[in-house]
Each structure stands twice: as C-alpha cells, then as structure tokens.
Amino acid sequence: MRLRPFELIEPESLAAVGAALAATDGDARVVAGGTALVPMLRLGVVRPGRVVSLHRVPALAEIAANNGELRLGAMATMAAIHRSAVVRDGWPLLAEAAGSVATPAIRSTATIGGNLAYAEPASDPAPALCCLEATVDIAGAAGSRSLPVARFLTGFYETALEPAEVVAAVRIPAVPAGARGGYVKFCPRSLEDKPLIGVAALVTIDDRTGRCRDARIALGAAAPTAIRAARAEAIVRDQALDERAIRAAAEAAAAEADPLADLMGSRDYRRRMVAVWVRRLLTSLAHREGRP
C-alpha cells in the first residue's frame, strides 16, 4: 500500500525535535527505526500530517559507559546493543534480550528508544530493562525529565510521554557484583515472532552460603506492560535456590501476571507458561556461573 502524503521534518538537535513537535498541535509522529510506525502508516492506522525523524541527531545513536553507568542513545539499534563489547561485558542480560528481538533485519533498524516509546507489551528488552532498573531520559520543548522504566510504561501501548516529548536516552546502573542473569522467551509459532511470554531474571547468590542475596524477576507479555514479579522475588530472596523455592517463586509469578487473551493464547495458558519459564530460567541460573 502507498503511504499517504505527510511533511517530513529532519531536525539536527533534540531542541529542534521538541520545537517541531510542539508546533504541530499533536498532529505529528516521531520516527526512529520505523519498524512499528511505517507499517501503521502504510495501513492507514495513523495518518499524521507531519513525521519528525530522529536520524539527523548523531548523539542519539551513542552507546557508552561512564563511572559504571551505561547510557544508550534512543537511536541505538538492537543489533548495535547486542554486538557492543561494552554492553556484553557489563550488562550481558541486556545484550541477550536485544539479540532476541525479531529478525537480524529488524534488529539492524529497530531502536531502544522506539521500542520503549511504542510500549509493546511483548517487548523483549523491556523485562531486561526492568530487572536492570533502567531510567528513561525524556526531552521535549518544555525541558527534560527522567523516569524509571517501570513508571515510564503506563499501560497497554501507553507511556508517560507528553505529545511534544521524545525518548532521548536510556541509562542503566552497574549490575551488582557477582550477579548472573538471563532472558528467555516462549514463541509457539516462530522464534522470530514476539513472545507469548518473556522472562528476565537477575540473581546474586552468596558463594559461601549458597543463598540468594538478591533477585529481580520481570515478565513480558504477561500484563499490559512489562512488570516485576515482586512476590516471586521475595520468595527466593535470602533462600537457597533449590527446587522448592524455585517452584514456589514460579507459581507466585504466575499469580502476579495479568495477561491479555489473544489468538496466541488464553489468560490461563499464559499464566501457566509464566510458571514454566520462570522455573526454567531460575533453575538454569541456580546451576550456572553465568547466564543460561
């Protein structure tokens, strides 16, 4: 299908991006990688009069670590994040999740900022970012602000972004010393599809006692947004990661899930898959020195 006509604006700074959005009275869309927006434009799902591109703001593609904090510009692609030596060395959970997104072609264009702004409930990076306690930097005509990723994602395809705001960057603190993490996704149709359930976990196990000092478990496609499974985390914290504790945590995570039913699966089926994949991931992390 042919694209409907629109005005393409290509600012060269974040300030200019905010000004371009503020001048449209809400009749504008931002394009980053375009993997979500372009199909919607082709199908006529959205019909903006103006499209504001982020491609001419060079700083938005940067990936850098400073003083133990990782900073991802909003235009950093999933492929670049997955391949980055900085990310792989210090934040391997994120590298793994970014490498799980769709196909190599899509990963080469899909961006971290666009992924978060689109707020797909079945996002692969979002559960990992929840476990890593990431912060989203937001820029707009009225100034800049920051929000934890859990507060940035507000609902089903909804975020805290105001009409004249864009995601500028994602910042991630250092991973706790000795932590091991992993991301798993269950795709009943194809591994290139969005997950029916995605699970990320980051656990720190005391080498002397064998007890779990800290646990972070996050779920994707199990609620209108990616969520932390707080009750499941509490069950394994300060406990040995044995079969009993892992099964209890998996059942707690399933109970915390609030999935939507669709053609891929019912609510009950998704909850059962949450329990299955939380159990598998925690079992793998309990018996390995690193991520599965």
# chains A, B, ... in the order shown; residues from 1 in each chain; ligands from 1
>>> closest_atom_pairs(of="segment 76-108 of chain A", to="segment 116-131 of chain A", cutoff="12 Å", atoms="only C-alpha atoms", output="Markdown table")
| residue | atom | partner | partner_atom | distance |
| --- | --- | --- | --- | --- |
| A:Thr77 | CA | A:Pro125 | CA | 11.6 |
| A:Met78 | CA | A:Pro125 | CA | 8.9 |
| A:Ile81 | CA | A:Pro125 | CA | 10.5 |
| A:His82 | CA | A:Pro125 | CA | 10.8 |
| A:Trp91 | CA | A:Ala128 | CA | 9.8 |
| A:Pro92 | CA | A:Ala128 | CA | 9.9 |
| A:Leu93 | CA | A:Ala128 | CA | 6.4 |
| A:Leu94 | CA | A:Ala128 | CA | 5.8 |
| A:Ala95 | CA | A:Pro125 | CA | 8.9 |
| A:Glu96 | CA | A:Pro125 | CA | 8.8 |
| A:Ala97 | CA | A:Pro125 | CA | 5.2 |
| A:Ala98 | CA | A:Pro125 | CA | 5.8 |
| A:Gly99 | CA | A:Asp124 | CA | 8.9 |
| A:Ser100 | CA | A:Asp124 | CA | 6.7 |
| A:Val101 | CA | A:Asp124 | CA | 6.1 |
| A:Ala102 | CA | A:Asp124 | CA | 9.0 |
| A:Arg107 | CA | A:Asp124 | CA | 11.5 |
>>> write_last_selection(atoms="N, CA and C atoms", output="PDB file, in the first residue's frame")
ATOM      1  N   THR A  77      20.517   0.918  17.914  1.00  0.00           N
ATOM      2  CA  THR A  77      19.717  -0.196  17.406  1.00  0.00           C
ATOM      3  C   THR A  77      19.910  -1.444  18.260  1.00  0.00           C
ATOM      4  N   MET A  78      18.962  -2.360  18.139  1.00  0.00           N
ATOM      5  CA  MET A  78      19.059  -3.624  18.864  1.00  0.00           C
ATOM      6  C   MET A  78      20.308  -4.395  18.449  1.00  0.00           C
ATOM      7  N   ILE A  81      23.333  -2.764  20.130  1.00  0.00           N
ATOM      8  CA  ILE A  81      23.353  -3.087  21.560  1.00  0.00           C
ATOM      9  C   ILE A  81      23.803  -4.529  21.769  1.00  0.00           C
ATOM     10  N   HIS A  82      23.272  -5.435  20.964  1.00  0.00           N
ATOM     11  CA  HIS A  82      23.618  -6.852  21.083  1.00  0.00           C
ATOM     12  C   HIS A  82      25.101  -7.095  20.810  1.00  0.00           C
ATOM     13  N   TRP A  91      26.737  -5.543  30.922  1.00  0.00           N
ATOM     14  CA  TRP A  91      25.281  -5.704  31.029  1.00  0.00           C
ATOM     15  C   TRP A  91      24.823  -6.816  30.082  1.00  0.00           C
ATOM     16  N   PRO A  92      25.338  -8.051  30.270  1.00  0.00           N
ATOM     17  CA  PRO A  92      25.046  -9.133  29.319  1.00  0.00           C
ATOM     18  C   PRO A  92      23.561  -9.477  29.219  1.00  0.00           C
ATOM     19  N   LEU A  93      22.798  -9.247  30.290  1.00  0.00           N
ATOM     20  CA  LEU A  93      21.355  -9.519  30.220  1.00  0.00           C
ATOM     21  C   LEU A  93      20.705  -8.675  29.135  1.00  0.00           C
ATOM     22  N   LEU A  94      21.077  -7.410  29.036  1.00  0.00           N
ATOM     23  CA  LEU A  94      20.512  -6.537  28.011  1.00  0.00           C
ATOM     24  C   LEU A  94      20.962  -6.954  26.624  1.00  0.00           C
ATOM     25  N   ALA A  95      22.226  -7.328  26.484  1.00  0.00           N
ATOM     26  CA  ALA A  95      22.719  -7.790  25.184  1.00  0.00           C
ATOM     27  C   ALA A  95      21.942  -9.015  24.720  1.00  0.00           C
ATOM     28  N   GLU A  96      21.659  -9.918  25.654  1.00  0.00           N
ATOM     29  CA  GLU A  96      20.910 -11.128  25.316  1.00  0.00           C
ATOM     30  C   GLU A  96      19.487 -10.794  24.884  1.00  0.00           C
ATOM     31  N   ALA A  97      18.819  -9.901  25.619  1.00  0.00           N
ATOM     32  CA  ALA A  97      17.443  -9.538  25.281  1.00  0.00           C
ATOM     33  C   ALA A  97      17.382  -8.813  23.944  1.00  0.00           C
ATOM     34  N   ALA A  98      18.335  -7.892  23.696  1.00  0.00           N
ATOM     35  CA  ALA A  98      18.344  -7.169  22.424  1.00  0.00           C
ATOM     36  C   ALA A  98      18.570  -8.118  21.260  1.00  0.00           C
ATOM     37  N   GLY A  99      19.386  -9.149  21.467  1.00  0.00           N
ATOM     38  CA  GLY A  99      19.649 -10.128  20.424  1.00  0.00           C
ATOM     39  C   GLY A  99      18.502 -11.088  20.178  1.00  0.00           C
ATOM     40  N   SER A 100      17.468 -11.026  21.041  1.00  0.00           N
ATOM     41  CA  SER A 100      16.296 -11.894  20.886  1.00  0.00           C
ATOM     42  C   SER A 100      15.182 -11.239  20.080  1.00  0.00           C
ATOM     43  N   VAL A 101      15.339  -9.970  19.745  1.00  0.00           N
ATOM     44  CA  VAL A 101      14.277  -9.237  19.048  1.00  0.00           C
ATOM     45  C   VAL A 101      14.149  -9.700  17.601  1.00  0.00           C
ATOM     46  N   ALA A 102      13.020 -10.222  17.235  1.00  0.00           N
ATOM     47  CA  ALA A 102      12.621 -10.474  15.848  1.00  0.00           C
ATOM     48  C   ALA A 102      13.734 -11.081  14.994  1.00  0.00           C
ATOM     49  N   ARG A 107      16.418  -6.122  13.762  1.00  0.00           N
ATOM     50  CA  ARG A 107      17.335  -5.672  14.808  1.00  0.00           C
ATOM     51  C   ARG A 107      18.291  -4.593  14.299  1.00  0.00           C
TER      52      ARG A 107
END
>>> residues_around(residues="Val184 of chain A", least_positions_apart="5", cutoff="9 Å", atoms="only C-alpha atoms", output="ChimeraX atom specification")
/A:97,100,197-200,277-278,280-281,292
>>> write_last_selection(atoms="C-alpha atoms", output="tab-separated table (two decimals), in the first residue's frame")
chain	number	residue	atom	x	y	z
A	97	ALA	CA	17.44	-9.54	25.28
A	100	SER	CA	16.30	-11.89	20.89
A	197	ILE	CA	5.73	-14.96	27.38
A	198	GLY	CA	9.13	-13.41	28.08
A	199	VAL	CA	11.02	-13.72	31.36
A	200	ALA	CA	14.14	-11.88	32.51
A	277	TRP	CA	9.51	-20.32	32.06
A	278	VAL	CA	10.24	-18.65	35.40
A	280	ARG	CA	13.26	-22.99	33.87
A	281	LEU	CA	15.18	-19.73	33.97
A	292	PRO	CA	21.92	-19.55	30.52
>>> residues_around(residues="Leu8 of chain A", least_positions_apart="3", cutoff="8 Å", atoms="only C-alpha atoms", output="number ranges by chain")
A: 50-53
>>> write_last_selection(atoms="N, CA and C atoms", output="mmCIF file, in the first residue's frame")
data_model
loop_
_atom_site.group_PDB
_atom_site.id
_atom_site.type_symbol
_atom_site.label_atom_id
_atom_site.label_comp_id
_atom_site.auth_asym_id
_atom_site.auth_seq_id
_atom_site.Cartn_x
_atom_site.Cartn_y
_atom_site.Cartn_z
ATOM 1 N N ARG A 50 2.487 15.388 9.885
ATOM 2 C CA ARG A 50 3.926 15.638 9.958
ATOM 3 C C ARG A 50 4.607 14.453 10.621
ATOM 4 N N VAL A 51 5.735 14.027 10.088
ATOM 5 C CA VAL A 51 6.572 12.986 10.688
ATOM 6 C C VAL A 51 7.932 13.605 11.003
ATOM 7 N N VAL A 52 8.344 13.490 12.260
ATOM 8 C CA VAL A 52 9.604 14.075 12.711
ATOM 9 C C VAL A 52 10.621 12.944 12.866
ATOM 10 N N SER A 53 11.682 12.990 12.087
ATOM 11 C CA SER A 53 12.716 11.953 12.106
ATOM 12 C C SER A 53 13.818 12.307 13.091
#
>>> closest_residue(among="A:Ser108, A:Thr204, A:Thr24, A:Ser84", to="Ala64 of chain A", atoms="only C-alpha atoms")
A:Ser84
>>> residues_around(residues="Glu256 of chain A", least_positions_apart="6", cutoff="12 Å", atoms="only C-alpha atoms", output="list in words")
Ile217, Ala218, Leu219, Ala222, Ala223, Ala226, Ile227, Arg228, Ala229, Ala230, Arg231, Ala232, Glu233, Ala249, Ala250, Arg270, Arg271, Arg272, Val274 and Ala275 of chain A
>>> write_last_selection(atoms="C-alpha atoms", output="PDB file, in the first residue's frame")
ATOM      1  CA  ILE A 217      12.351 -11.179  38.035  1.00  0.00           C
ATOM      2  CA  ALA A 218      10.463  -9.386  35.270  1.00  0.00           C
ATOM      3  CA  LEU A 219       7.769 -10.588  32.895  1.00  0.00           C
ATOM      4  CA  ALA A 222       2.151 -11.151  30.991  1.00  0.00           C
ATOM      5  CA  ALA A 223       0.371  -7.843  31.661  1.00  0.00           C
ATOM      6  CA  ALA A 226       6.403  -5.377  31.421  1.00  0.00           C
ATOM      7  CA  ILE A 227       6.245  -5.945  35.188  1.00  0.00           C
ATOM      8  CA  ARG A 228       8.462  -7.008  38.075  1.00  0.00           C
ATOM      9  CA  ALA A 229       7.215 -10.131  39.874  1.00  0.00           C
ATOM     10  CA  ALA A 230       7.708  -8.732  43.386  1.00  0.00           C
ATOM     11  CA  ARG A 231       6.164 -11.634  45.302  1.00  0.00           C
ATOM     12  CA  ALA A 232       8.225 -14.161  43.374  1.00  0.00           C
ATOM     13  CA  GLU A 233      11.374 -12.159  44.134  1.00  0.00           C
ATOM     14  CA  ALA A 249       8.523 -18.424  43.046  1.00  0.00           C
ATOM     15  CA  ALA A 250       7.290 -19.636  39.654  1.00  0.00           C
ATOM     16  CA  ARG A 270      -0.220 -17.571  29.523  1.00  0.00           C
ATOM     17  CA  ARG A 271      -0.188 -17.805  33.320  1.00  0.00           C
ATOM     18  CA  ARG A 272       0.846 -21.446  33.155  1.00  0.00           C
ATOM     19  CA  VAL A 274       4.814 -17.837  33.123  1.00  0.00           C
ATOM     20  CA  ALA A 275       5.247 -20.519  35.800  1.00  0.00           C
TER      21      ALA A 275
END
>>> residues_around(residues="Ala16 of chain A", least_positions_apart="2", cutoff="12 Å", atoms="only C-alpha atoms", output="list of chain:residue names")
A:Ile9, A:Glu10, A:Pro11, A:Glu12, A:Ser13, A:Leu14, A:Gly18, A:Ala19, A:Ala20, A:Leu21, A:Ala22, A:Ala23, A:Val52, A:Ser53, A:Leu54, A:Arg56, A:Val57, A:Ala139, A:Gly140, A:Ala141, A:Ala142, A:Gly143, A:Ala164, A:Glu165, A:Val166
>>> closest_residue(among="A:Ala286, A:Val31, A:Val86, A:Leu147", to="Val170 of chain A", atoms="only C-alpha atoms")
A:Leu147
>>> residues_around(residues="Pro176 of chain A", least_positions_apart="3", cutoff="12 Å", atoms="only C-alpha atoms", output="ChimeraX atom specification")
/A:68-69,90-91,131-133,172-173,179-181,202-205,213-216
>>> write_last_selection(atoms="N, CA and C atoms", output="JSON list (two decimals), in the first residue's frame")
[["chain", "number", "residue", "atom", "x", "y", "z"],
["A", 68, "GLY", "N", 30.61, 3.47, 35.64],
["A", 68, "GLY", "CA", 29.79, 2.30, 35.94],
["A", 68, "GLY", "C", 28.36, 2.37, 35.44],
["A", 69, "GLU", "N", 27.99, 3.44, 34.76],
["A", 69, "GLU", "CA", 26.62, 3.57, 34.24],
["A", 69, "GLU", "C", 26.65, 3.46, 32.72],
["A", 90, "GLY", "N", 29.51, -5.63, 30.56],
["A", 90, "GLY", "CA", 28.96, -5.12, 31.81],
["A", 90, "GLY", "C", 27.49, -5.37, 32.03],
["A", 91, "TRP", "N", 26.74, -5.54, 30.92],
["A", 91, "TRP", "CA", 25.28, -5.70, 31.03],
["A", 91, "TRP", "C", 24.82, -6.82, 30.08],
["A", 131, "CYS", "N", 14.54, -5.41, 35.13],
["A", 131, "CYS", "CA", 15.47, -6.09, 36.05],
["A", 131, "CYS", "C", 16.71, -5.23, 36.30],
["A", 132, "LEU", "N", 17.15, -4.51, 35.29],
["A", 132, "LEU", "CA", 18.35, -3.70, 35.41],
["A", 132, "LEU", "C", 18.06, -2.32, 36.02],
["A", 133, "GLU", "N", 16.79, -2.06, 36.33],
["A", 133, "GLU", "CA", 16.36, -0.81, 36.97],
["A", 133, "GLU", "C", 16.82, 0.39, 36.17],
["A", 172, "ILE", "N", 21.44, 2.92, 32.57],
["A", 172, "ILE", "CA", 21.36, 1.68, 33.34],
["A", 172, "ILE", "C", 22.51, 1.65, 34.34],
["A", 173, "PRO", "N", 22.21, 1.50, 35.62],
["A", 173, "PRO", "CA", 23.30, 1.46, 36.61],
["A", 173, "PRO", "C", 24.10, 0.17, 36.51],
["A", 179, "ALA", "N", 26.36, -10.86, 40.11],
["A", 179, "ALA", "CA", 25.01, -11.19, 39.63],
["A", 179, "ALA", "C", 25.09, -12.01, 38.34],
["A", 180, "ARG", "N", 24.15, -12.89, 38.18],
["A", 180, "ARG", "CA", 24.02, -13.67, 36.95],
["A", 180, "ARG", "C", 22.60, -13.48, 36.44],
["A", 181, "GLY", "N", 22.45, -13.34, 35.14],
["A", 181, "GLY", "CA", 21.12, -13.06, 34.60],
["A", 181, "GLY", "C", 20.86, -13.79, 33.31],
["A", 202, "LEU", "N", 17.62, -11.59, 37.19],
["A", 202, "LEU", "CA", 18.97, -11.24, 37.61],
["A", 202, "LEU", "C", 19.08, -11.64, 39.08],
["A", 203, "VAL", "N", 19.95, -12.58, 39.38],
["A", 203, "VAL", "CA", 20.07, -13.08, 40.75],
["A", 203, "VAL", "C", 21.52, -12.99, 41.21],
["A", 204, "THR", "N", 21.68, -12.75, 42.51],
["A", 204, "THR", "CA", 23.01, -12.72, 43.13],
["A", 204, "THR", "C", 23.04, -13.77, 44.22],
["A", 205, "ILE", "N", 23.93, -14.74, 44.09],
["A", 205, "ILE", "CA", 23.99, -15.87, 45.02],
["A", 205, "ILE", "C", 25.26, -15.78, 45.84],
["A", 213, "ARG", "N", 21.12, -13.67, 47.57],
["A", 213, "ARG", "CA", 21.15, -12.39, 48.26],
["A", 213, "ARG", "C", 20.15, -11.41, 47.66],
["A", 214, "ASP", "N", 19.98, -11.47, 46.35],
["A", 214, "ASP", "CA", 19.05, -10.55, 45.68],
["A", 214, "ASP", "C", 18.48, -11.25, 44.47],
["A", 215, "ALA", "N", 17.23, -10.91, 44.15],
["A", 215, "ALA", "CA", 16.57, -11.50, 42.98],
["A", 215, "ALA", "C", 15.69, -10.45, 42.33],
["A", 216, "ARG", "N", 15.80, -10.36, 41.03],
["A", 216, "ARG", "CA", 14.94, -9.49, 40.24],
["A", 216, "ARG", "C", 14.36, -10.33, 39.12]]
>>> closest_residue(among="A:Val276, A:Cys187, A:Glu243, A:Gly178", to="Asp207 of chain A", atoms="only C-alpha atoms")
A:Gly178
>>> closest_residue(among="A:Val149, A:Val38, A:Val175, A:Ala74", to="Ala61 of chain A", atoms="only C-alpha atoms")
A:Ala74
>>> select_by_dssp(residues="segment 7-219 of chain A", states="helix (DSSP H, G or I)", output="ChimeraX atom specification")
/A:14-22,37-43,58-61,78-83,85-90,92-98,104-107,112-118,125-131,149-152
>>> write_last_selection(atoms="C-alpha atoms", output="tab-separated table (two decimals), in the first residue's frame")
chain	number	residue	atom	x	y	z
A	14	LEU	CA	16.94	17.48	20.36
A	15	ALA	CA	15.84	21.08	20.91
A	16	ALA	CA	14.76	21.28	17.28
A	17	VAL	CA	12.90	17.97	17.60
A	18	GLY	CA	10.92	19.34	20.56
A	19	ALA	CA	10.16	22.57	18.70
A	20	ALA	CA	8.95	20.66	15.62
A	21	LEU	CA	6.62	18.53	17.74
A	22	ALA	CA	5.32	21.49	19.72
A	37	LEU	CA	5.43	3.30	12.54
A	38	VAL	CA	5.96	2.59	8.83
A	39	PRO	CA	3.58	-0.42	8.73
A	40	MET	CA	0.96	1.64	10.58
A	41	LEU	CA	1.37	4.46	8.05
A	42	ARG	CA	1.03	2.03	5.15
A	43	LEU	CA	-2.15	0.52	6.61
A	58	PRO	CA	24.01	11.99	15.82
A	59	ALA	CA	24.36	11.81	19.62
A	60	LEU	CA	21.21	9.70	19.85
A	61	ALA	CA	23.00	6.63	18.44
A	78	MET	CA	19.06	-3.62	18.86
A	79	ALA	CA	21.85	-5.05	16.70
A	80	ALA	CA	24.33	-2.44	17.94
A	81	ILE	CA	23.35	-3.09	21.56
A	82	HIS	CA	23.62	-6.85	21.08
A	83	ARG	CA	27.06	-6.57	19.46
A	85	ALA	CA	31.50	-5.11	23.73
A	86	VAL	CA	30.66	-2.57	26.44
A	87	VAL	CA	27.14	-3.96	26.84
A	88	ARG	CA	28.20	-7.60	26.63
A	89	ASP	CA	30.90	-7.15	29.26
A	90	GLY	CA	28.96	-5.12	31.81
A	92	PRO	CA	25.05	-9.13	29.32
A	93	LEU	CA	21.36	-9.52	30.22
A	94	LEU	CA	20.51	-6.54	28.01
A	95	ALA	CA	22.72	-7.79	25.18
A	96	GLU	CA	20.91	-11.13	25.32
A	97	ALA	CA	17.44	-9.54	25.28
A	98	ALA	CA	18.34	-7.17	22.42
A	104	PRO	CA	18.51	-9.69	12.06
A	105	ALA	CA	16.99	-7.25	9.54
A	106	ILE	CA	14.64	-5.78	12.11
A	107	ARG	CA	17.34	-5.67	14.81
A	112	ILE	CA	15.82	1.09	22.00
A	113	GLY	CA	14.02	4.44	22.19
A	114	GLY	CA	11.43	3.44	19.62
A	115	ASN	CA	10.87	0.11	21.36
A	116	LEU	CA	10.13	1.83	24.66
A	117	ALA	CA	8.02	4.61	23.12
A	118	TYR	CA	5.90	2.06	21.24
A	125	PRO	CA	14.15	-5.57	26.02
A	126	ALA	CA	11.55	-4.19	28.47
A	127	PRO	CA	11.72	-7.06	31.04
A	128	ALA	CA	15.52	-6.91	30.98
A	129	LEU	CA	15.42	-3.14	31.49
A	130	CYS	CA	13.04	-3.63	34.44
A	131	CYS	CA	15.47	-6.09	36.05
A	149	VAL	CA	11.33	2.43	33.17
A	150	ALA	CA	8.58	0.91	35.34
A	151	ARG	CA	6.92	4.35	35.63
A	152	PHE	CA	7.59	5.26	32.00
